[in-house]
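Dropping data04.cif in here (mmCIF, C-alpha atoms):
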```
data_model
loop_
_atom_site.label_atom_id
_atom_site.label_comp_id
_atom_site.auth_asym_id
_atom_site.auth_seq_id
_atom_site.Cartn_x
_atom_site.Cartn_y
_atom_site.Cartn_z
CA LYS A 275 78.28 -179.17 -84.96
CA GLY A 276 78.45 -180.59 -81.48
CA GLY A 277 79.70 -177.28 -80.07
CA PRO A 278 78.45 -175.64 -76.88
CA PRO A 279 74.96 -174.12 -77.00
CA PRO A 280 74.80 -170.38 -77.71
CA PRO A 281 74.61 -168.15 -74.65
CA PRO A 282 71.14 -166.90 -73.72
CA PRO A 283 70.23 -163.42 -74.98
CA PRO A 284 70.92 -160.59 -72.52
CA GLN A 285 68.00 -159.46 -70.40
CA ALA A 286 66.46 -156.07 -70.97
CA ASP A 287 67.86 -153.30 -68.79
CA GLY A 288 64.46 -152.68 -67.26
CA ARG A 289 64.41 -156.24 -65.95
CA LYS A 290 67.90 -155.89 -64.49
CA GLY A 291 66.57 -153.09 -62.36
CA TYR A 292 64.41 -155.62 -60.50
CA GLN A 293 67.05 -158.37 -60.10
CA GLY A 294 69.68 -158.69 -57.46
CA ARG A 295 67.93 -156.38 -55.02
CA ALA A 296 68.26 -158.80 -52.14
CA HIS A 297 72.04 -158.34 -51.92
CA ARG A 298 72.02 -154.55 -52.35
CA GLN A 299 72.66 -152.42 -49.33
CA GLU A 300 70.20 -149.69 -48.43
CA GLY A 301 70.81 -146.59 -50.54
CA ASP A 302 73.15 -148.42 -52.94
CA LEU A 303 71.60 -147.46 -56.27
CA GLU A 304 74.67 -146.54 -58.34
CA ASP A 305 74.53 -149.66 -60.51
CA VAL A 306 70.82 -149.55 -61.29
CA PRO A 307 70.49 -148.97 -65.07
CA LEU A 308 67.51 -146.63 -64.87
CA GLY A 309 69.14 -143.32 -65.65
CA LEU A 310 69.88 -142.43 -62.03
CA SER A 311 72.49 -139.73 -61.55
CA ASN A 312 73.19 -140.45 -57.88
CA LYS A 313 71.89 -142.50 -54.98
CA ASP A 314 69.67 -139.66 -53.78
CA GLU A 315 67.32 -140.22 -56.72
CA LEU A 316 64.85 -143.01 -57.50
CA GLY A 317 63.88 -144.29 -60.90
CA PRO A 318 60.39 -145.64 -61.64
CA ALA A 319 61.24 -149.20 -60.55
CA GLU A 320 62.83 -148.06 -57.27
CA TRP A 321 59.94 -145.72 -56.49
CA MET A 322 57.42 -148.50 -57.08
CA GLU A 323 59.42 -150.84 -54.83
CA VAL A 324 59.36 -148.25 -52.06
CA VAL A 325 55.57 -148.00 -52.33
CA VAL A 326 55.23 -151.80 -52.19
CA ARG A 327 57.53 -152.03 -49.14
CA ILE A 328 55.56 -149.33 -47.34
CA ALA A 329 52.32 -151.15 -48.13
CA ALA A 330 53.72 -154.48 -46.90
CA GLN A 331 54.47 -153.02 -43.46
CA ARG A 332 51.15 -151.29 -42.85
CA SER A 333 48.93 -154.10 -41.52
CA GLU A 334 48.06 -157.78 -41.77
CA GLU A 335 45.67 -157.22 -44.67
CA PRO A 336 46.39 -158.84 -48.07
CA LEU A 337 49.20 -157.05 -49.90
CA ALA A 338 46.96 -156.06 -52.82
CA ASP A 339 44.57 -154.24 -50.45
CA LYS A 340 47.41 -152.53 -48.60
CA PHE A 341 49.05 -151.48 -51.86
CA GLU A 342 45.79 -149.96 -53.12
CA GLU A 343 45.41 -148.07 -49.83
CA VAL A 344 48.92 -146.60 -50.05
CA VAL A 345 48.48 -145.64 -53.71
CA ASN A 346 45.23 -143.86 -52.84
CA LEU A 347 46.98 -141.97 -50.04
CA VAL A 348 49.83 -140.94 -52.33
CA CYS A 349 47.39 -139.86 -55.05
CA GLY A 350 45.45 -137.88 -52.47
CA HIS A 351 48.57 -135.92 -51.53
CA ILE A 352 49.39 -135.35 -55.20
CA ARG A 353 45.86 -134.08 -55.82
CA ALA A 354 46.17 -131.70 -52.85
CA LEU A 355 49.43 -130.30 -54.25
CA GLU A 356 47.91 -129.98 -57.72
CA ALA A 357 44.90 -128.15 -56.27
CA ALA A 358 47.17 -125.77 -54.36
CA ASN A 359 49.29 -125.08 -57.44
CA PHE A 360 46.18 -124.60 -59.59
CA ARG A 361 44.75 -122.06 -57.15
CA LEU A 362 48.07 -120.21 -57.20
CA GLU A 363 47.90 -120.04 -60.99
CA LEU A 364 44.38 -118.65 -60.73
CA GLN A 365 45.81 -115.69 -58.79
CA ASP A 366 47.61 -114.48 -61.93
CA TRP A 367 46.44 -110.91 -62.63
CA ARG A 368 45.38 -111.80 -66.18
CA VAL A 369 43.17 -114.64 -64.94
CA GLN A 370 41.70 -112.39 -62.27
CA LYS A 371 40.99 -109.72 -64.88
CA VAL A 372 39.02 -112.26 -66.95
CA ILE A 373 37.05 -113.36 -63.88
CA ARG A 374 36.25 -109.79 -62.82
CA GLY A 375 35.02 -108.97 -66.29
CA LYS A 376 32.59 -111.89 -66.26
CA ARG A 377 31.67 -111.93 -62.58
CA LYS A 378 28.10 -110.60 -62.95
CA LYS A 379 27.17 -113.26 -65.48
CA LEU A 380 28.90 -115.96 -63.45
CA ILE A 381 26.83 -114.96 -60.42
CA LYS A 382 23.67 -115.24 -62.51
CA LEU A 383 24.66 -118.72 -63.68
CA PHE A 384 25.52 -119.84 -60.16
CA ARG A 385 22.20 -118.60 -58.76
CA ARG A 386 20.29 -120.42 -61.48
CA TYR A 387 21.52 -123.81 -60.21
CA SER A 388 22.40 -123.16 -56.57
CA GLY A 389 20.09 -123.26 -53.60
CA VAL A 390 20.06 -122.66 -49.88
CA LEU A 391 21.64 -125.73 -48.31
CA LYS A 392 21.72 -126.81 -44.71
CA GLY A 393 25.14 -126.58 -43.11
CA LYS A 394 26.30 -127.89 -39.75
CA THR A 395 26.12 -124.46 -38.15
CA LYS A 396 24.22 -122.31 -40.68
CA ASP A 397 22.56 -122.33 -44.07
CA PHE A 398 24.54 -121.29 -47.14
CA ASP A 399 24.13 -120.82 -50.88
CA GLY A 400 25.68 -123.82 -52.57
CA ILE A 401 25.52 -126.14 -55.52
CA THR A 402 25.42 -129.92 -55.28
CA PHE A 403 27.08 -132.24 -57.77
CA ALA A 404 23.68 -133.12 -59.22
CA ALA A 405 23.03 -129.45 -59.92
CA PHE A 406 26.58 -128.99 -61.22
CA HIS A 407 26.08 -131.91 -63.59
CA GLN A 408 22.74 -130.47 -64.73
CA MET A 409 24.35 -127.11 -65.41
CA LEU A 410 27.10 -128.68 -67.54
CA SER A 411 24.51 -130.71 -69.41
CA ASP A 412 22.26 -127.68 -70.03
CA THR A 413 25.19 -125.62 -71.30
CA ASN A 414 26.38 -128.38 -73.65
CA CYS A 415 29.74 -128.80 -71.94
CA TYR A 416 29.77 -132.58 -72.26
CA ASP A 417 31.43 -133.92 -75.38
CA LEU A 418 34.28 -136.24 -76.36
CA SER A 419 36.80 -133.92 -74.71
CA PHE A 420 34.93 -133.57 -71.40
CA SER A 421 33.04 -136.43 -69.77
CA GLN A 422 30.91 -136.79 -66.65
CA ASP A 423 33.91 -138.41 -64.95
CA ALA A 424 35.92 -135.26 -65.72
CA ALA A 425 33.11 -133.18 -64.23
CA ALA A 426 33.16 -135.26 -61.05
CA GLU A 427 36.93 -134.79 -60.90
CA ALA A 428 36.62 -131.01 -61.27
CA PHE A 429 33.90 -130.89 -58.61
CA SER A 430 35.89 -132.98 -56.13
CA PHE A 431 39.08 -131.09 -56.98
CA SER A 432 37.46 -127.77 -56.05
CA ARG A 433 36.03 -128.70 -52.66
CA SER A 434 37.83 -126.89 -49.88
CA PRO A 435 38.48 -128.57 -46.50
CA LEU A 436 37.85 -125.16 -44.94
CA GLY A 437 34.22 -125.42 -45.95
CA GLU A 438 33.44 -127.98 -43.27
CA GLY A 439 34.88 -125.66 -40.64
CA TRP A 440 32.45 -123.00 -41.83
CA GLY A 441 29.55 -125.41 -41.47
CA MET A 442 29.21 -126.10 -45.21
CA ASP A 443 28.09 -129.40 -46.64
CA PRO A 444 31.28 -131.20 -47.77
CA GLU A 445 29.33 -132.55 -50.78
CA ALA A 446 28.46 -129.07 -52.10
CA LEU A 447 30.34 -126.05 -53.45
CA GLY A 448 29.97 -122.47 -52.34
CA PHE A 449 30.35 -119.69 -54.90
CA ILE A 450 34.14 -119.35 -54.63
CA GLU A 451 34.65 -123.12 -54.87
CA TRP A 452 32.22 -123.28 -57.78
CA MET A 453 34.31 -120.62 -59.51
CA ASP A 454 37.37 -122.83 -59.05
CA ALA A 455 35.42 -125.73 -60.55
CA MET A 456 34.45 -123.61 -63.55
CA MET A 457 38.09 -122.64 -64.05
CA ALA A 458 39.00 -126.33 -63.96
CA VAL A 459 36.31 -127.05 -66.56
CA SER A 460 37.66 -124.19 -68.69
CA VAL A 461 41.21 -125.52 -68.85
CA SER A 462 39.96 -129.10 -69.33
CA LYS A 463 37.88 -128.03 -72.31
CA ALA A 464 40.86 -126.24 -73.85
CA PRO A 465 43.90 -128.33 -72.88
CA SER A 466 46.32 -126.74 -75.36
CA PRO A 467 49.73 -126.20 -73.69
CA TYR A 468 50.46 -123.45 -76.23
CA LEU A 469 47.81 -121.09 -74.88
CA PRO A 470 48.19 -119.29 -71.52
CA MET A 471 45.68 -120.17 -68.83
CA TRP A 472 43.96 -116.78 -68.90
CA GLN A 473 43.26 -117.10 -72.61
CA ARG A 474 41.87 -120.63 -72.30
CA ILE A 475 39.57 -119.53 -69.47
CA ASP A 476 38.49 -116.39 -71.32
CA THR A 477 37.67 -118.27 -74.53
CA PHE A 478 35.59 -120.92 -72.77
CA LEU A 479 33.70 -118.55 -70.46
CA GLU A 480 32.99 -116.05 -73.23
CA ARG A 481 31.41 -118.73 -75.40
CA LEU A 482 29.45 -120.32 -72.53
CA LEU A 483 28.13 -117.11 -70.99
CA ARG A 484 27.23 -115.48 -74.30
CA ALA A 485 25.12 -118.50 -75.24
CA HIS A 486 23.48 -119.28 -71.90
CA VAL A 487 23.38 -116.16 -69.72
CA PRO A 488 21.47 -113.18 -71.15
CA GLU A 489 22.53 -109.62 -70.44
#
```

Rewrite the structure of this file - the entire thing - as C-alpha coordinates.
Amino acid sequence: KGGPPPPPPPQADGRKGYQGRAHRQEGDLEDVPLGLSNKDELGPAEWMEVVVRIAAQRSEEPLADKFEEVVNLVCGHIRALEAANFRLELQDWRVQKVIRGKRKKLIKLFRRYSGVLKGKTKDFDGITFAAFHQMLSDTNCYDLSFSQDAAAEAFSFSRSPLGEGWGMDPEALGFIEWMDAMMAVSVSKAPSPYLPMWQRIDTFLERLLRAHVPE
(Lines of atoms letter the chains of each structure in order from A and count residues from 1; the text may use other names and numbers.)
(Lines give C-alpha, C1' and ligand atoms only; values in the text may rest on other atoms or scores of the structure.)
Protein backbone atom coordinates (compact mmCIF):
# COMPACT_ATOMS: atom_id res chain seq x y z
CA LYS A 1 0.00 0.00 0.00
CA GLY A 2 1.18 3.49 -0.80
CA GLY A 3 4.18 2.15 -2.72
CA PRO A 4 5.38 3.43 -6.09
CA PRO A 5 3.22 2.57 -9.11
CA PRO A 6 4.30 -0.49 -11.10
CA PRO A 7 6.51 0.22 -14.10
CA PRO A 8 4.75 0.30 -17.48
CA PRO A 9 4.88 -2.93 -19.50
CA PRO A 10 7.74 -3.13 -22.01
CA GLN A 11 6.92 -2.14 -25.57
CA ALA A 12 6.85 -4.76 -28.29
CA ASP A 13 10.10 -5.17 -30.18
CA GLY A 14 8.42 -4.23 -33.43
CA ARG A 15 7.53 -0.85 -31.97
CA LYS A 16 11.09 -0.28 -30.76
CA GLY A 17 12.20 -0.56 -34.34
CA TYR A 18 10.34 2.69 -35.09
CA GLN A 19 11.46 4.66 -32.01
CA GLY A 20 14.62 6.59 -31.51
CA ARG A 21 15.35 6.92 -35.21
CA ALA A 22 15.96 10.63 -35.00
CA HIS A 23 19.21 10.20 -33.04
CA ARG A 24 20.55 7.30 -35.12
CA GLN A 25 23.34 7.99 -37.53
CA GLU A 26 22.97 6.96 -41.14
CA GLY A 27 23.74 3.26 -41.57
CA ASP A 28 23.68 2.59 -37.81
CA LEU A 29 21.31 -0.36 -37.67
CA GLU A 30 23.11 -2.73 -35.29
CA ASP A 31 20.70 -2.15 -32.40
CA VAL A 32 17.48 -2.52 -34.37
CA PRO A 33 15.69 -5.64 -33.03
CA LEU A 34 14.42 -6.87 -36.39
CA GLY A 35 16.70 -9.82 -36.98
CA LEU A 36 19.34 -7.85 -38.87
CA SER A 37 22.71 -9.55 -39.12
CA ASN A 38 24.68 -6.45 -40.10
CA LYS A 39 24.18 -2.84 -41.13
CA ASP A 40 24.18 -3.74 -44.82
CA GLU A 41 20.74 -5.32 -44.46
CA LEU A 42 17.30 -3.79 -43.92
CA GLY A 43 14.42 -5.31 -42.04
CA PRO A 44 10.79 -4.66 -43.02
CA ALA A 45 10.49 -1.50 -40.90
CA GLU A 46 13.74 -0.02 -42.25
CA TRP A 47 12.81 -0.84 -45.84
CA MET A 48 9.42 0.83 -45.43
CA GLU A 49 11.07 3.91 -43.91
CA VAL A 50 13.40 4.15 -46.90
CA VAL A 51 10.41 4.07 -49.27
CA VAL A 52 8.64 6.80 -47.27
CA ARG A 53 11.78 8.99 -47.23
CA ILE A 54 12.20 8.60 -50.99
CA ALA A 55 8.55 9.51 -51.51
CA ALA A 56 8.84 12.58 -49.25
CA GLN A 57 11.64 14.02 -51.40
CA ARG A 58 10.05 13.52 -54.80
CA SER A 59 7.78 16.58 -55.16
CA GLU A 60 5.46 18.98 -53.36
CA GLU A 61 2.47 16.67 -53.71
CA PRO A 62 0.78 15.26 -50.58
CA LEU A 63 2.85 12.50 -48.99
CA ALA A 64 0.14 9.87 -49.51
CA ASP A 65 0.13 10.52 -53.28
CA LYS A 66 3.92 10.48 -53.48
CA PHE A 67 4.10 7.27 -51.45
CA GLU A 68 1.59 5.56 -53.76
CA GLU A 69 3.62 6.69 -56.78
CA VAL A 70 6.86 5.26 -55.38
CA VAL A 71 5.20 1.98 -54.39
CA ASN A 72 3.80 1.64 -57.92
CA LEU A 73 7.26 2.25 -59.38
CA VAL A 74 8.84 -0.34 -57.08
CA CYS A 75 6.10 -2.86 -57.87
CA GLY A 76 6.61 -2.20 -61.57
CA HIS A 77 10.30 -3.09 -61.29
CA ILE A 78 9.45 -6.20 -59.27
CA ARG A 79 6.93 -7.26 -61.91
CA ALA A 80 9.55 -6.76 -64.65
CA LEU A 81 12.01 -8.97 -62.76
CA GLU A 82 9.33 -11.59 -62.16
CA ALA A 83 8.41 -11.58 -65.85
CA ALA A 84 12.07 -11.98 -66.84
CA ASN A 85 12.55 -14.85 -64.39
CA PHE A 86 9.32 -16.51 -65.52
CA ARG A 87 10.39 -16.37 -69.17
CA LEU A 88 13.72 -17.91 -68.20
CA GLU A 89 11.88 -20.77 -66.49
CA LEU A 90 9.83 -21.26 -69.65
CA GLN A 91 13.07 -21.99 -71.52
CA ASP A 92 13.51 -25.23 -69.55
CA TRP A 93 13.73 -28.09 -72.07
CA ARG A 94 10.88 -29.98 -70.40
CA VAL A 95 8.56 -26.97 -70.69
CA GLN A 96 9.60 -26.46 -74.30
CA LYS A 97 8.92 -30.13 -75.04
CA VAL A 98 5.36 -29.74 -73.68
CA ILE A 99 4.80 -26.62 -75.79
CA ARG A 100 6.15 -28.23 -78.97
CA GLY A 101 3.90 -31.22 -78.48
CA LYS A 102 0.81 -29.01 -78.24
CA ARG A 103 1.81 -26.25 -80.64
CA LYS A 104 -0.61 -27.16 -83.47
CA LYS A 105 -3.62 -27.11 -81.17
CA LEU A 106 -2.43 -23.92 -79.49
CA ILE A 107 -2.21 -22.25 -82.90
CA LYS A 108 -5.78 -23.34 -83.64
CA LEU A 109 -6.99 -21.89 -80.34
CA PHE A 110 -5.13 -18.63 -80.91
CA ARG A 111 -6.55 -18.21 -84.42
CA ARG A 112 -10.07 -18.80 -83.14
CA TYR A 113 -9.91 -15.65 -80.97
CA SER A 114 -7.25 -13.52 -82.65
CA GLY A 115 -7.70 -11.12 -85.52
CA VAL A 116 -5.73 -8.83 -87.77
CA LEU A 117 -5.03 -5.71 -85.73
CA LYS A 118 -3.72 -2.36 -86.85
CA GLY A 119 -0.20 -1.61 -85.67
CA LYS A 120 1.74 1.63 -85.86
CA THR A 121 3.76 0.46 -88.83
CA LYS A 122 1.98 -2.70 -90.04
CA ASP A 123 -0.92 -5.03 -89.34
CA PHE A 124 -0.38 -8.11 -87.20
CA ASP A 125 -2.26 -11.12 -85.85
CA GLY A 126 -3.08 -10.41 -82.24
CA ILE A 127 -5.55 -10.95 -79.45
CA THR A 128 -7.07 -8.18 -77.36
CA PHE A 129 -7.89 -8.53 -73.68
CA ALA A 130 -11.60 -8.72 -74.53
CA ALA A 131 -10.92 -11.70 -76.79
CA PHE A 132 -8.56 -13.22 -74.21
CA HIS A 133 -11.27 -12.90 -71.57
CA GLN A 134 -13.82 -14.47 -73.93
CA MET A 135 -11.50 -17.38 -74.61
CA LEU A 136 -10.99 -18.05 -70.89
CA SER A 137 -14.73 -17.84 -70.34
CA ASP A 138 -15.54 -20.18 -73.24
CA THR A 139 -12.99 -22.74 -72.03
CA ASN A 140 -14.30 -22.64 -68.44
CA CYS A 141 -11.05 -21.36 -66.97
CA TYR A 142 -12.73 -19.02 -64.52
CA ASP A 143 -13.45 -20.48 -61.11
CA LEU A 144 -12.64 -19.82 -57.45
CA SER A 145 -8.94 -20.40 -58.12
CA PHE A 146 -8.71 -18.10 -61.16
CA SER A 147 -10.60 -14.82 -61.42
CA GLN A 148 -10.94 -12.15 -64.09
CA ASP A 149 -8.47 -10.03 -62.12
CA ALA A 150 -5.97 -12.89 -62.38
CA ALA A 151 -6.61 -13.03 -66.13
CA ALA A 152 -5.93 -9.30 -66.45
CA GLU A 153 -2.73 -9.79 -64.47
CA ALA A 154 -1.58 -12.63 -66.75
CA PHE A 155 -2.41 -10.57 -69.84
CA SER A 156 -0.55 -7.49 -68.60
CA PHE A 157 2.32 -9.64 -67.33
CA SER A 158 2.86 -11.11 -70.80
CA ARG A 159 2.95 -7.91 -72.83
CA SER A 160 6.40 -7.27 -74.21
CA PRO A 161 7.81 -3.71 -74.49
CA LEU A 162 9.45 -4.87 -77.72
CA GLY A 163 6.04 -5.15 -79.31
CA GLU A 164 5.63 -1.39 -79.60
CA GLY A 165 8.94 -1.18 -81.43
CA TRP A 166 7.58 -3.68 -83.93
CA GLY A 167 4.49 -1.56 -84.46
CA MET A 168 2.19 -3.77 -82.38
CA ASP A 169 -0.72 -2.47 -80.37
CA PRO A 170 0.50 -2.30 -76.73
CA GLU A 171 -2.99 -3.41 -75.62
CA ALA A 172 -2.85 -6.68 -77.59
CA LEU A 173 -0.77 -9.87 -77.56
CA GLY A 174 0.94 -11.49 -80.51
CA PHE A 175 1.17 -15.27 -80.65
CA ILE A 176 4.41 -15.59 -78.64
CA GLU A 177 3.13 -13.23 -75.94
CA TRP A 178 -0.20 -15.05 -75.88
CA MET A 179 1.72 -18.28 -75.32
CA ASP A 180 3.42 -16.66 -72.32
CA ALA A 181 0.00 -15.62 -71.03
CA MET A 182 -1.29 -19.18 -71.40
CA MET A 183 1.72 -20.48 -69.47
CA ALA A 184 0.94 -17.96 -66.73
CA VAL A 185 -2.67 -19.15 -66.66
CA SER A 186 -1.44 -22.75 -66.47
CA VAL A 187 0.71 -22.22 -63.39
CA SER A 188 -1.96 -20.03 -61.77
CA LYS A 189 -4.55 -22.77 -62.20
CA ALA A 190 -2.20 -25.34 -60.66
CA PRO A 191 -0.23 -23.42 -58.00
CA SER A 192 1.15 -26.50 -56.21
CA PRO A 193 4.82 -25.90 -55.26
CA TYR A 194 5.33 -29.68 -55.18
CA LEU A 195 4.87 -30.12 -58.93
CA PRO A 196 7.48 -28.95 -61.46
CA MET A 197 6.41 -26.20 -63.85
CA TRP A 198 6.44 -28.44 -66.92
CA GLN A 199 4.02 -30.87 -65.30
CA ARG A 200 1.63 -28.12 -64.19
CA ILE A 201 1.61 -26.64 -67.70
CA ASP A 202 1.20 -30.06 -69.33
CA THR A 203 -1.73 -31.04 -67.09
CA PHE A 204 -3.62 -27.79 -67.67
CA LEU A 205 -3.04 -27.59 -71.43
CA GLU A 206 -3.86 -31.27 -71.98
CA ARG A 207 -7.22 -30.89 -70.26
CA LEU A 208 -8.06 -27.57 -71.96
CA LEU A 209 -7.04 -28.55 -75.48
CA ARG A 210 -8.63 -32.00 -75.36
CA ALA A 211 -11.96 -30.45 -74.37
CA HIS A 212 -12.00 -27.38 -76.60
CA VAL A 213 -9.76 -27.92 -79.64
CA PRO A 214 -10.70 -30.85 -81.90
CA GLU A 215 -8.07 -32.85 -83.74

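Atom to atom, atom CA of Cys415 of chain A and atom CA of Phe431 of chain A stand 17.8 Å apart.
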
Met456 of chain A: which residues within 9 Å, counting only C-alpha atoms, same-chain residues fewer than 2 positions away excluded, as an NGL selection string? :A and (428-429 or 451-454 or 458-461 or 475 or 479)

The PyMOL selection byres ((chain A and resi 328) around 12) on the file shown: which residues, as an MDAnalysis selection string? chainID A and resid 321:327 329:333 337 340:345 347:348

Exactly which residues make up the result of the PyMOL selection byres ((chain A and resi 489) around 10) on this file, given as a PyMOL selection string? chain A and resi 378-379+382+483-484+486-488

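Residues in contact range of Arg368 of chain A, defined as at most 10 Å between all atoms listed in the file, with sequence neighbours fewer than 3 positions away removed, read Leu364, Gln365, Lys371, Val372, Ile373, Arg374, Pro470, Met471, Trp472, Gln473 and Asp476 of chain A.
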
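Shortest atom-to-atom contact with Phe478 of chain A among A:Lys376, A:Ala405, A:Val390, A:Phe384: A:Lys376, counting only C-alpha atoms.
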
Just the number, please: distance in Å from atom CA of Glu480 of chain A to atom CA of Ser388 of chain A, one decimal. 21.0 Å

How many Å separate atom CA of Tyr468 of chain A from atom CA of Asp423 of chain A? 25.0 Å

For Asn414 of chain A: contacts at 12 Å, all atoms listed in the file, fewer than 3 positions along chain excluded, given as a PyMOL selection string: chain A and resi 407-411+417-422+463+478+481-483+485-486

Could you list, as a list in words, every residue matched by the PyMOL selection byres ((chain A and resi 448) around 7) in this structure? Asp399, Gly400, Ile401, Ala446, Leu447, Phe449, Ile450, Glu451 and Trp452 of chain A
